[in-house]
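Peer 1: My structure is in my_file_34.pdb, and what it holds is PDB, C-alpha atoms and all ligand atoms:
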ATOM      1  CA  LEU A 277       0.000   0.000   0.000  1.00  0.00           C
ATOM      2  CA  GLU A 278       1.459   3.280  -1.085  1.00  0.00           C
ATOM      3  CA  ASP A 279       1.115   6.165   1.318  1.00  0.00           C
ATOM      4  CA  VAL A 280      -1.513   8.689   0.246  1.00  0.00           C
ATOM      5  CA  LEU A 281      -1.059  12.249   1.460  1.00  0.00           C
ATOM      6  CA  VAL A 282      -3.899  14.689   2.090  1.00  0.00           C
ATOM      7  CA  ALA A 283      -3.579  18.442   1.600  1.00  0.00           C
ATOM      8  CA  PRO A 284      -6.651  20.404   2.758  1.00  0.00           C
ATOM      9  CA  SER A 285      -7.109  23.622   0.795  1.00  0.00           C
ATOM     10  CA  VAL A 286      -7.475  26.680   3.015  1.00  0.00           C
ATOM     11  CA  LEU A 287      -9.511  28.252   0.212  1.00  0.00           C
ATOM     12  CA  SER A 288     -12.480  26.468   1.820  1.00  0.00           C
ATOM     13  CA  ALA A 289     -11.594  27.557   5.371  1.00  0.00           C
ATOM     14  CA  ASP A 290     -13.342  30.323   7.292  1.00  0.00           C
ATOM     15  CA  PHE A 291     -10.933  33.229   6.759  1.00  0.00           C
ATOM     16  CA  ALA A 292     -12.231  35.020   9.845  1.00  0.00           C
ATOM     17  CA  ARG A 293     -11.238  31.971  11.915  1.00  0.00           C
ATOM     18  CA  LEU A 294      -8.178  30.853  10.023  1.00  0.00           C
ATOM     19  CA  GLY A 295      -6.189  30.021  13.163  1.00  0.00           C
ATOM     20  CA  GLU A 296      -8.861  27.647  14.487  1.00  0.00           C
ATOM     21  CA  ASP A 297      -9.375  26.068  11.086  1.00  0.00           C
ATOM     22  CA  LEU A 298      -5.628  25.427  10.778  1.00  0.00           C
ATOM     23  CA  LYS A 299      -5.691  23.768  14.186  1.00  0.00           C
ATOM     24  CA  SER A 300      -8.485  21.477  12.992  1.00  0.00           C
ATOM     25  CA  ILE A 301      -6.283  20.056  10.200  1.00  0.00           C
ATOM     26  CA  GLU A 302      -3.136  19.331  12.202  1.00  0.00           C
ATOM     27  CA  THR A 303      -3.171  15.688  11.054  1.00  0.00           C
ATOM     28  CA  ALA A 304      -2.903  16.729   7.403  1.00  0.00           C
ATOM     29  CA  ASP A 305       0.267  16.115   5.394  1.00  0.00           C
ATOM     30  CA  TYR A 306       0.256  19.525   3.741  1.00  0.00           C
ATOM     31  CA  VAL A 307      -1.679  22.756   3.974  1.00  0.00           C
ATOM     32  CA  HIS A 308      -2.675  23.581   0.384  1.00  0.00           C
ATOM     33  CA  PHE A 309      -2.422  27.344  -0.154  1.00  0.00           C
ATOM     34  CA  ASP A 310      -4.230  28.544  -3.312  1.00  0.00           C
ATOM     35  CA  VAL A 311      -2.844  31.800  -4.661  1.00  0.00           C
ATOM     36  CA  MET A 312      -5.049  33.423  -7.333  1.00  0.00           C
ATOM     37  CA  ASP A 313      -4.206  36.681  -9.045  1.00  0.00           C
ATOM     38  CA  GLY A 314      -7.449  37.656 -10.816  1.00  0.00           C
ATOM     39  CA  HIS A 315      -5.658  37.223 -14.148  1.00  0.00           C
ATOM     40  CA  PHE A 316      -4.474  33.639 -14.592  1.00  0.00           C
ATOM     41  CA  VAL A 317      -7.787  32.658 -13.013  1.00  0.00           C
ATOM     42  CA  PRO A 318     -10.978  34.720 -12.608  1.00  0.00           C
ATOM     43  CA  ASN A 319     -10.723  34.967  -8.823  1.00  0.00           C
ATOM     44  CA  LEU A 320      -8.500  36.564  -6.200  1.00  0.00           C
ATOM     45  CA  THR A 321      -7.322  35.063  -2.920  1.00  0.00           C
ATOM     46  CA  PHE A 322      -4.306  35.746  -0.759  1.00  0.00           C
ATOM     47  CA  GLY A 323      -0.590  36.396  -1.052  1.00  0.00           C
ATOM     48  CA  PRO A 324       2.759  35.978   0.689  1.00  0.00           C
ATOM     49  CA  ASP A 325       1.856  37.823   3.890  1.00  0.00           C
ATOM     50  CA  VAL A 326      -1.010  35.426   4.598  1.00  0.00           C
ATOM     51  CA  LEU A 327       1.348  32.520   3.900  1.00  0.00           C
ATOM     52  CA  ARG A 328       3.792  33.987   6.413  1.00  0.00           C
ATOM     53  CA  ALA A 329       1.011  34.162   9.019  1.00  0.00           C
ATOM     54  CA  ILE A 330       0.053  30.536   8.340  1.00  0.00           C
ATOM     55  CA  LYS A 331       3.673  29.424   8.710  1.00  0.00           C
ATOM     56  CA  ALA A 332       3.766  31.139  12.100  1.00  0.00           C
ATOM     57  CA  THR A 333       0.622  29.284  13.170  1.00  0.00           C
ATOM     58  CA  THR A 334       1.051  25.648  12.083  1.00  0.00           C
ATOM     59  CA  ASP A 335       3.818  23.054  11.789  1.00  0.00           C
ATOM     60  CA  VAL A 336       2.114  21.317   8.860  1.00  0.00           C
ATOM     61  CA  PRO A 337       4.226  21.959   5.743  1.00  0.00           C
ATOM     62  CA  VAL A 338       2.702  24.371   3.229  1.00  0.00           C
ATOM     63  CA  ASP A 339       2.154  23.454  -0.412  1.00  0.00           C
ATOM     64  CA  ALA A 340       1.680  26.761  -2.269  1.00  0.00           C
ATOM     65  CA  HIS A 341      -0.258  26.505  -5.544  1.00  0.00           C
ATOM     66  CA  LEU A 342       0.441  29.603  -7.619  1.00  0.00           C
ATOM     67  CA  MET A 343      -2.423  30.262 -10.030  1.00  0.00           C
ATOM     68  CA  ILE A 344      -0.734  33.408 -11.272  1.00  0.00           C
ATOM     69  CA  SER A 345       0.356  34.754 -14.655  1.00  0.00           C
ATOM     70  CA  ASN A 346       3.882  35.737 -13.674  1.00  0.00           C
ATOM     71  CA  PRO A 347       5.536  32.990 -11.645  1.00  0.00           C
ATOM     72  CA  ASP A 348       8.933  34.108 -13.016  1.00  0.00           C
ATOM     73  CA  GLU A 349       8.596  37.311 -10.997  1.00  0.00           C
ATOM     74  CA  MET A 350       6.485  36.208  -8.037  1.00  0.00           C
ATOM     75  CA  THR A 351       7.759  32.794  -6.965  1.00  0.00           C
ATOM     76  CA  ARG A 352      10.507  34.388  -4.879  1.00  0.00           C
ATOM     77  CA  LEU A 353       7.942  36.048  -2.587  1.00  0.00           C
ATOM     78  CA  TYR A 354       6.416  32.686  -1.632  1.00  0.00           C
ATOM     79  CA  VAL A 355       9.831  31.155  -1.054  1.00  0.00           C
ATOM     80  CA  GLU A 356      10.721  34.043   1.250  1.00  0.00           C
ATOM     81  CA  ALA A 357       7.380  33.696   3.042  1.00  0.00           C
ATOM     82  CA  GLY A 358       8.280  30.119   3.958  1.00  0.00           C
ATOM     83  CA  ALA A 359       6.542  27.783   1.483  1.00  0.00           C
ATOM     84  CA  ASP A 360       7.779  24.190   1.810  1.00  0.00           C
ATOM     85  CA  MET A 361       6.678  23.242  -1.703  1.00  0.00           C
ATOM     86  CA  VAL A 362       5.682  25.513  -4.606  1.00  0.00           C
ATOM     87  CA  SER A 363       3.594  24.508  -7.640  1.00  0.00           C
ATOM     88  CA  PHE A 364       3.599  26.960 -10.531  1.00  0.00           C
ATOM     89  CA  HIS A 365       1.606  26.512 -13.739  1.00  0.00           C
ATOM     90  CA  LEU A 366       3.432  25.406 -16.872  1.00  0.00           C
ATOM     91  CA  GLU A 367       0.973  27.501 -18.927  1.00  0.00           C
ATOM     92  CA  ALA A 368       2.249  30.662 -17.243  1.00  0.00           C
ATOM     93  CA  THR A 369       5.964  30.525 -18.019  1.00  0.00           C
ATOM     94  CA  ASN A 370       8.457  29.846 -20.802  1.00  0.00           C
ATOM     95  CA  HIS A 371      11.167  29.211 -18.229  1.00  0.00           C
ATOM     96  CA  ALA A 372       9.949  26.314 -16.126  1.00  0.00           C
ATOM     97  CA  HIS A 373      13.424  24.898 -15.665  1.00  0.00           C
ATOM     98  CA  ARG A 374      14.723  28.179 -14.301  1.00  0.00           C
ATOM     99  CA  ILE A 375      11.969  28.336 -11.664  1.00  0.00           C
ATOM    100  CA  VAL A 376      12.498  24.696 -10.701  1.00  0.00           C
ATOM    101  CA  SER A 377      16.247  25.287 -10.272  1.00  0.00           C
ATOM    102  CA  TYR A 378      15.621  28.379  -8.193  1.00  0.00           C
ATOM    103  CA  LEU A 379      13.220  26.480  -5.918  1.00  0.00           C
ATOM    104  CA  ARG A 380      15.668  23.595  -5.538  1.00  0.00           C
ATOM    105  CA  GLU A 381      18.538  25.957  -4.671  1.00  0.00           C
ATOM    106  CA  SER A 382      16.288  27.642  -2.117  1.00  0.00           C
ATOM    107  CA  GLY A 383      15.512  24.360  -0.385  1.00  0.00           C
ATOM    108  CA  VAL A 384      11.874  24.418  -1.508  1.00  0.00           C
ATOM    109  CA  ARG A 385      10.346  21.355  -3.173  1.00  0.00           C
ATOM    110  CA  PRO A 386       9.595  22.186  -6.837  1.00  0.00           C
ATOM    111  CA  ALA A 387       6.317  21.169  -8.470  1.00  0.00           C
ATOM    112  CA  VAL A 388       4.601  21.950 -11.769  1.00  0.00           C
ATOM    113  CA  ALA A 389       0.862  22.240 -12.295  1.00  0.00           C
ATOM    114  CA  ILE A 390      -1.149  21.680 -15.481  1.00  0.00           C
ATOM    115  CA  ASN A 391      -4.711  22.752 -16.293  1.00  0.00           C
ATOM    116  CA  PRO A 392      -7.309  20.283 -17.604  1.00  0.00           C
ATOM    117  CA  ALA A 393      -6.765  21.520 -21.200  1.00  0.00           C
ATOM    118  CA  THR A 394      -2.985  21.111 -21.078  1.00  0.00           C
ATOM    119  CA  PRO A 395      -1.688  17.849 -22.548  1.00  0.00           C
ATOM    120  CA  VAL A 396       0.532  15.546 -20.520  1.00  0.00           C
ATOM    121  CA  CYS A 397       3.306  15.752 -23.153  1.00  0.00           C
ATOM    122  CA  MET A 398       3.978  19.317 -21.950  1.00  0.00           C
ATOM    123  CA  LEU A 399       5.627  17.704 -18.920  1.00  0.00           C
ATOM    124  CA  ASP A 400       8.176  15.875 -21.033  1.00  0.00           C
ATOM    125  CA  SER A 401      11.063  18.310 -20.532  1.00  0.00           C
ATOM    126  CA  ILE A 402      10.493  18.958 -16.829  1.00  0.00           C
ATOM    127  CA  ILE A 403       9.182  15.766 -15.231  1.00  0.00           C
ATOM    128  CA  GLU A 404      12.649  14.514 -14.263  1.00  0.00           C
ATOM    129  CA  ASP A 405      13.369  17.682 -12.316  1.00  0.00           C
ATOM    130  CA  VAL A 406      10.332  18.076 -10.074  1.00  0.00           C
ATOM    131  CA  ASP A 407       9.237  16.483  -6.820  1.00  0.00           C
ATOM    132  CA  MET A 408       5.573  16.674  -7.771  1.00  0.00           C
ATOM    133  CA  VAL A 409       3.207  17.136 -10.699  1.00  0.00           C
ATOM    134  CA  LEU A 410      -0.107  18.812  -9.862  1.00  0.00           C
ATOM    135  CA  VAL A 411      -2.882  17.668 -12.187  1.00  0.00           C
ATOM    136  CA  MET A 412      -5.821  20.087 -12.074  1.00  0.00           C
ATOM    137  CA  THR A 413      -9.020  18.061 -12.041  1.00  0.00           C
ATOM    138  CA  VAL A 414     -11.252  21.142 -12.392  1.00  0.00           C
ATOM    139  CA  ASN A 415     -10.597  24.432 -14.162  1.00  0.00           C
ATOM    140  CA  PRO A 416      -8.821  26.403 -11.448  1.00  0.00           C
ATOM    141  CA  GLY A 417     -10.391  29.422  -9.791  1.00  0.00           C
ATOM    142  CA  PHE A 418     -12.937  28.192  -7.292  1.00  0.00           C
ATOM    143  CA  GLY A 419     -13.479  25.609  -4.601  1.00  0.00           C
ATOM    144  CA  GLY A 420     -16.434  23.243  -4.653  1.00  0.00           C
ATOM    145  CA  GLN A 421     -16.439  22.442  -8.386  1.00  0.00           C
ATOM    146  CA  LYS A 422     -17.215  19.084  -9.964  1.00  0.00           C
ATOM    147  CA  PHE A 423     -14.353  16.657 -10.698  1.00  0.00           C
ATOM    148  CA  ILE A 424     -13.683  16.233 -14.458  1.00  0.00           C
ATOM    149  CA  PRO A 425     -13.962  12.445 -15.017  1.00  0.00           C
ATOM    150  CA  SER A 426     -11.371  12.266 -17.844  1.00  0.00           C
ATOM    151  CA  SER A 427      -8.773  13.362 -15.255  1.00  0.00           C
ATOM    152  CA  VAL A 428      -8.441   9.782 -14.049  1.00  0.00           C
ATOM    153  CA  ALA A 429      -6.979   8.720 -17.400  1.00  0.00           C
ATOM    154  CA  LYS A 430      -4.810  11.827 -17.421  1.00  0.00           C
ATOM    155  CA  VAL A 431      -3.291  10.906 -14.058  1.00  0.00           C
ATOM    156  CA  ALA A 432      -2.487   7.451 -15.430  1.00  0.00           C
ATOM    157  CA  LYS A 433      -0.786   9.106 -18.412  1.00  0.00           C
ATOM    158  CA  VAL A 434       1.359  11.262 -16.124  1.00  0.00           C
ATOM    159  CA  ARG A 435       2.342   8.195 -14.102  1.00  0.00           C
ATOM    160  CA  ALA A 436       3.270   6.377 -17.318  1.00  0.00           C
ATOM    161  CA  LEU A 437       5.325   9.335 -18.564  1.00  0.00           C
ATOM    162  CA  ALA A 438       7.193   9.446 -15.250  1.00  0.00           C
ATOM    163  CA  LYS A 439       7.971   5.739 -15.531  1.00  0.00           C
ATOM    164  CA  GLU A 440       9.242   6.229 -19.080  1.00  0.00           C
ATOM    165  CA  HIS A 441      11.634   8.817 -17.661  1.00  0.00           C
ATOM    166  CA  GLY A 442      12.653   6.572 -14.794  1.00  0.00           C
ATOM    167  CA  VAL A 443      11.346   8.904 -12.084  1.00  0.00           C
ATOM    168  CA  SER A 444       8.550   8.705  -9.539  1.00  0.00           C
ATOM    169  CA  PRO A 445       7.375  12.211  -8.623  1.00  0.00           C
ATOM    170  CA  MET A 446       4.401  12.657  -6.351  1.00  0.00           C
ATOM    171  CA  ILE A 447       1.244  13.249  -8.365  1.00  0.00           C
ATOM    172  CA  GLU A 448      -1.221  15.626  -6.763  1.00  0.00           C
ATOM    173  CA  VAL A 449      -4.838  15.981  -7.854  1.00  0.00           C
ATOM    174  CA  ASP A 450      -6.717  19.187  -7.163  1.00  0.00           C
ATOM    175  CA  GLY A 451     -10.416  19.910  -7.589  1.00  0.00           C
ATOM    176  CA  GLY A 452     -13.571  18.007  -6.737  1.00  0.00           C
ATOM    177  CA  VAL A 453     -11.769  15.188  -4.949  1.00  0.00           C
ATOM    178  CA  SER A 454     -13.438  13.461  -2.003  1.00  0.00           C
ATOM    179  CA  GLU A 455     -13.526  10.063  -0.319  1.00  0.00           C
ATOM    180  CA  GLN A 456     -15.998   9.046  -3.073  1.00  0.00           C
ATOM    181  CA  ASN A 457     -13.517   9.276  -5.962  1.00  0.00           C
ATOM    182  CA  ALA A 458     -10.118   9.178  -4.193  1.00  0.00           C
ATOM    183  CA  GLY A 459      -9.895   5.406  -4.662  1.00  0.00           C
ATOM    184  CA  GLN A 460      -9.988   5.370  -8.456  1.00  0.00           C
ATOM    185  CA  ILE A 461      -7.799   8.470  -8.711  1.00  0.00           C
ATOM    186  CA  CYS A 462      -5.066   6.963  -6.545  1.00  0.00           C
ATOM    187  CA  ALA A 463      -5.358   3.631  -8.344  1.00  0.00           C
ATOM    188  CA  ALA A 464      -4.503   5.594 -11.509  1.00  0.00           C
ATOM    189  CA  GLY A 465      -1.289   6.825  -9.891  1.00  0.00           C
ATOM    190  CA  ALA A 466      -2.011   9.911  -7.776  1.00  0.00           C
ATOM    191  CA  ASN A 467      -0.668  10.013  -4.231  1.00  0.00           C
ATOM    192  CA  VAL A 468      -1.382  13.532  -2.965  1.00  0.00           C
ATOM    193  CA  ILE A 469      -4.989  14.630  -2.649  1.00  0.00           C
ATOM    194  CA  VAL A 470      -6.047  18.246  -2.322  1.00  0.00           C
ATOM    195  CA  ALA A 471      -9.408  18.519  -0.631  1.00  0.00           C
ATOM    196  CA  GLY A 472     -11.135  21.810   0.044  1.00  0.00           C
ATOM    197  CA  SER A 473     -14.835  21.282   0.575  1.00  0.00           C
ATOM    198  CA  ALA A 474     -14.388  17.566   1.341  1.00  0.00           C
ATOM    199  CA  VAL A 475     -12.498  18.565   4.513  1.00  0.00           C
ATOM    200  CA  PHE A 476     -13.724  21.992   5.574  1.00  0.00           C
ATOM    201  CA  LYS A 477     -17.431  21.374   5.032  1.00  0.00           C
ATOM    202  CA  LYS A 478     -17.226  18.552   7.606  1.00  0.00           C
ATOM    203  CA  ASP A 479     -17.446  19.179  11.341  1.00  0.00           C
ATOM    204  CA  ASP A 480     -14.772  16.601  12.176  1.00  0.00           C
ATOM    205  CA  ARG A 481     -11.834  17.525   9.944  1.00  0.00           C
ATOM    206  CA  GLY A 482      -9.558  14.845  11.375  1.00  0.00           C
ATOM    207  CA  ALA A 483     -12.094  12.172  10.447  1.00  0.00           C
ATOM    208  CA  ALA A 484     -12.546  13.706   6.987  1.00  0.00           C
ATOM    209  CA  ILE A 485      -8.779  13.641   6.339  1.00  0.00           C
ATOM    210  CA  ARG A 486      -8.609  10.044   7.589  1.00  0.00           C
ATOM    211  CA  ALA A 487     -11.525   8.966   5.373  1.00  0.00           C
ATOM    212  CA  ILE A 488      -9.972  10.476   2.230  1.00  0.00           C
ATOM    213  CA  LYS A 489      -6.594   8.879   3.009  1.00  0.00           C
ATOM    214  CA  ASP A 490      -8.207   5.475   3.619  1.00  0.00           C
ATOM    215  CA  ALA A 491     -10.243   5.728   0.417  1.00  0.00           C
ATOM    216  CA  GLY A 492      -7.086   6.555  -1.540  1.00  0.00           C
ATOM    217  CA  GLN A 493      -5.096   3.713  -0.017  1.00  0.00           C
ATOM    218  CA  LEU A 494      -7.606   0.988  -0.798  1.00  0.00           C
TER     219      LEU A 494
HETATM  220  C1  LIG B 501      -9.196  25.348  -7.355  1.00  0.00           C
HETATM  221  C2  LIG B 501      -8.133  25.241  -6.292  1.00  0.00           C
HETATM  222  C3  LIG B 501      -8.372  24.081  -5.396  1.00  0.00           C
HETATM  223  C4  LIG B 501      -9.641  24.157  -4.592  1.00  0.00           C
HETATM  224  C5  LIG B 501     -10.121  22.751  -4.355  1.00  0.00           C
HETATM  225  O1  LIG B 501      -8.853  26.344  -8.259  1.00  0.00           O
HETATM  226  O2  LIG B 501      -6.847  25.093  -6.872  1.00  0.00           O
HETATM  227  O3  LIG B 501      -7.258  23.835  -4.560  1.00  0.00           O
HETATM  228  O4  LIG B 501      -9.495  24.795  -3.371  1.00  0.00           O
HETATM  229  O5  LIG B 501     -11.359  22.791  -3.708  1.00  0.00           O
HETATM  230  P1  LIG B 501     -12.364  21.565  -3.766  1.00  0.00           P
HETATM  231  O6  LIG B 501     -11.656  20.388  -3.118  1.00  0.00           O
HETATM  232  O7  LIG B 501     -13.541  22.032  -2.990  1.00  0.00           O
HETATM  233  O8  LIG B 501     -12.666  21.285  -5.208  1.00  0.00           O
HETATM  234 ZN    ZN B 502      -5.094  24.320  -5.587  1.00  0.00          ZN
END
Let me see the structure of the file written as structure tokens.
Ligand code: DX5
Ligand code: ZN
Peer 2:
Amino acid sequence: LEDVLVAPSVLSADFARLGEDLKSIETADYVHFDVMDGHFVPNLTFGPDVLRAIKATTDVPVDAHLMISNPDEMTRLYVEAGADMVSFHLEATNHAHRIVSYLRESGVRPAVAINPATPVCMLDSIIEDVDMVLVMTVNPGFGGQKFIPSSVAKVAKVRALAKEHGVSPMIEVDGGVSEQNAGQICAAGANVIVAGSAVFKKDDRGAAIRAIKDAGQL
């Protein structure tokens, strides 16, 4: 049984009670921090100063997902704010390798994210260099959307591409994932599950995290 990691997305937390909500997910493997810039995606969230506040509040490592148009310029701010892992979108840069190298040199785990419309072959030149590939399973921008079913096959394709390259990066899925579909998604090769609503809409977050992990590990 491969270990499945769960990363609750604070996008679904109560921002007026962020400290308490962070405490409720202390058994999580990562805190998923969704940065939106109102340009790469049609929504706006939070930036490096909020990340800094989260880092001062929890010991759970932070996985920052940058849904921004200019990762070449902005990644540094999230590194300096204390991100443990950073995912930037391949669609937003022509210099993925440069960002990955910078993250690596900074002691931050590098990850690349792809949108539902982006083909897996785009990962060909970068998959050997990253710790994780983030496969968007909804069009990014909002929590609580419906999982795109063809994403299961896409995850399998990413896993196959990684094998071809002789590497085994973590594969993270993000959007519409719950204990209902985690099993088939992990069977296809994913091992990190982002869950916004599936964790924060439940009263017992620890139990919700456990249930998603168990479903993924079946
Ligand atoms: C979507 C974000 C996700 C989102 C997931 O653009 O990247 O991380 O918070 O939320 P759920 O799990 O509710 O789909
Ligand atoms: Zn995300």
Peer 1: Please report, as a tab-separated table, each residue of chain A lying at most 12 Å from ligand ZN 502 (chain B), together with the nearest pair of atoms and the separation in Å rounded to one decimal; use only C-alpha atoms and all ligand atoms, and order rows by chain and ascending residue number.
Peer 2:
residue	atom	partner	partner_atom	distance
A:Ala283	CA	B:ZN502	ZN	9.4
A:Pro284	CA	B:ZN502	ZN	9.3
A:Ser285	CA	B:ZN502	ZN	6.7
A:Val286	CA	B:ZN502	ZN	9.2
A:Leu287	CA	B:ZN502	ZN	8.3
A:Ser288	CA	B:ZN502	ZN	10.7
A:Tyr306	CA	B:ZN502	ZN	11.8
A:Val307	CA	B:ZN502	ZN	10.3
A:His308	CA	B:ZN502	ZN	6.5
A:Phe309	CA	B:ZN502	ZN	6.8
A:Asp310	CA	B:ZN502	ZN	4.9
A:Val311	CA	B:ZN502	ZN	7.9
A:Met312	CA	B:ZN502	ZN	9.3
A:Val317	CA	B:ZN502	ZN	11.5
A:Thr321	CA	B:ZN502	ZN	11.3
A:Val338	CA	B:ZN502	ZN	11.8
A:Asp339	CA	B:ZN502	ZN	8.9
A:Ala340	CA	B:ZN502	ZN	7.9
A:His341	CA	B:ZN502	ZN	5.3
A:Leu342	CA	B:ZN502	ZN	7.9
A:Met343	CA	B:ZN502	ZN	7.9
A:Ile344	CA	B:ZN502	ZN	11.6
A:Val362	CA	B:ZN502	ZN	10.9
A:Ser363	CA	B:ZN502	ZN	8.9
A:Phe364	CA	B:ZN502	ZN	10.3
A:His365	CA	B:ZN502	ZN	10.8
A:Val388	CA	B:ZN502	ZN	11.7
A:Ala389	CA	B:ZN502	ZN	9.2
A:Ile390	CA	B:ZN502	ZN	11.0
A:Asn391	CA	B:ZN502	ZN	10.8
A:Leu410	CA	B:ZN502	ZN	8.6
A:Val411	CA	B:ZN502	ZN	9.6
A:Met412	CA	B:ZN502	ZN	7.8
A:Thr413	CA	B:ZN502	ZN	9.8
A:Val414	CA	B:ZN502	ZN	9.7
A:Asn415	CA	B:ZN502	ZN	10.2
A:Pro416	CA	B:ZN502	ZN	7.3
A:Gly417	CA	B:ZN502	ZN	8.5
A:Phe418	CA	B:ZN502	ZN	8.9
A:Gly419	CA	B:ZN502	ZN	8.5
A:Gly420	CA	B:ZN502	ZN	11.4
A:Gln421	CA	B:ZN502	ZN	11.8
A:Glu448	CA	B:ZN502	ZN	9.6
A:Val449	CA	B:ZN502	ZN	8.6
A:Asp450	CA	B:ZN502	ZN	5.6
A:Gly451	CA	B:ZN502	ZN	7.2
A:Gly452	CA	B:ZN502	ZN	10.6
A:Val453	CA	B:ZN502	ZN	11.3
A:Val468	CA	B:ZN502	ZN	11.7
A:Ile469	CA	B:ZN502	ZN	10.1
A:Val470	CA	B:ZN502	ZN	7.0
A:Ala471	CA	B:ZN502	ZN	8.8
A:Gly472	CA	B:ZN502	ZN	8.6
A:Ser473	CA	B:ZN502	ZN	11.9
Peer 1: Measuring between all atoms listed in the file, which one of A:Ala466, A:Val475, A:Ala357, A:Ala372 shows the shortest distance to ligand LIG 501 (chain B)?
Peer 2: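 The answer is A:Val475, which sits nearest to ligand LIG 501 (chain B).
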Peer 1: Give me the result of the PyMOL selection byres (((chain A and resi 487) around 10) and not hetatm) on this file, residue by residue, as a list in words.
Peer 2: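 Applied to this file, the PyMOL selection byres (((chain A and resi 487) around 10) and not hetatm) returns Ser454, Glu455, Gln456, Ala458, Ala474, Val475, Arg481, Gly482, Ala483, Ala484, Ile485, Arg486, Ile488, Lys489, Asp490, Ala491, Gly492 and Gln493 of chain A.
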Peer 1: Report as an NGL selection string the residues that result from applying the PyMOL selection byres (((chain A and resi 323-328) around 7) and not hetatm) to the structure here.
Peer 2: :A and (311 or 322 or 329-332 or 353-354 or 357-358)
Peer 1: Out of A:Val443, A:Ala429, A:Ala289, A:Leu281, which residue has the shortest atom-to-atom distance to Lys477 in chain A when counting only C-alpha atoms?
Peer 2: A:Ala289
Peer 1: Mind pulling up the distance from CA of Met446 in chain A to CA of His373 in chain A?
Peer 2: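 For CA of His373 in chain A relative to CA of Met446 in chain A, the distance reads 17.8 Å.
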Peer 1: In Å, rounded to a single decimal, give me how far CA of Lys422 in chain A is from CA of Pro386 in chain A.
Peer 2: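 Pair CA of Pro386 in chain A / CA of Lys422 in chain A returns 27.2 Å.
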Peer 1: Which residues fall under the PyMOL selection byres (((chain A and resi 334) around 9) and not hetatm) in this file, as JSON, numbers by chain?
Peer 2: {"A": [295, 298, 299, 302, 330, 331, 332, 333, 335, 336, 337]}
Peer 1: So, with only C-alpha atoms and all ligand atoms as the atoms that count, which of A:Gly459, A:Gly442, A:Pro347, A:Gly314 lies closest to ligand LIG 501 (chain B)?
Peer 2: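 Of A:Gly459, A:Gly442, A:Pro347, A:Gly314, the one nearest ligand LIG 501 (chain B) is A:Gly314, counting only C-alpha atoms and all ligand atoms.
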Peer 1: Between CA of Val409 in chain A and CA of Asn467 in chain A, what is the spacing in Å?
Peer 2: 10.4 Å
Peer 1: Using only C-alpha atoms and all ligand atoms, which of A:Ser444, A:Asp297, A:Met361, A:Asn319 sits nearest ligand LIG 501 (chain B)?
Peer 2: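 The answer is A:Asn319, which sits nearest to ligand LIG 501 (chain B).
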Peer 1: Of the residues A:Ile424, A:Val280, A:Val431, A:Pro395, which is the one nearest to ligand LIG 501 (chain B), using only C-alpha atoms and all ligand atoms?
Peer 2: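 Of the candidates, the smallest distance to ligand LIG 501 (chain B) is held by A:Ile424.
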Peer 1: Nearest residue to ligand LIG 501 (chain B) out of A:Phe291, A:Phe423, A:Phe316, A:Tyr378, using only C-alpha atoms and all ligand atoms?
Peer 2: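 Nearest candidate to ligand LIG 501 (chain B) out of A:Phe291, A:Phe423, A:Phe316, A:Tyr378: A:Phe423.
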Peer 1: Extending 6 Å beyond the listed atoms of ligand LIG 501 (chain B) on each side, what axis-aligned box results? I want centre and edge lengths in Å to one decimal, as JSON.
Peer 2:
{"center_x": -10.2, "center_y": 23.4, "center_z": -5.6, "size_x": 18.7, "size_y": 18.0, "size_z": 17.3}
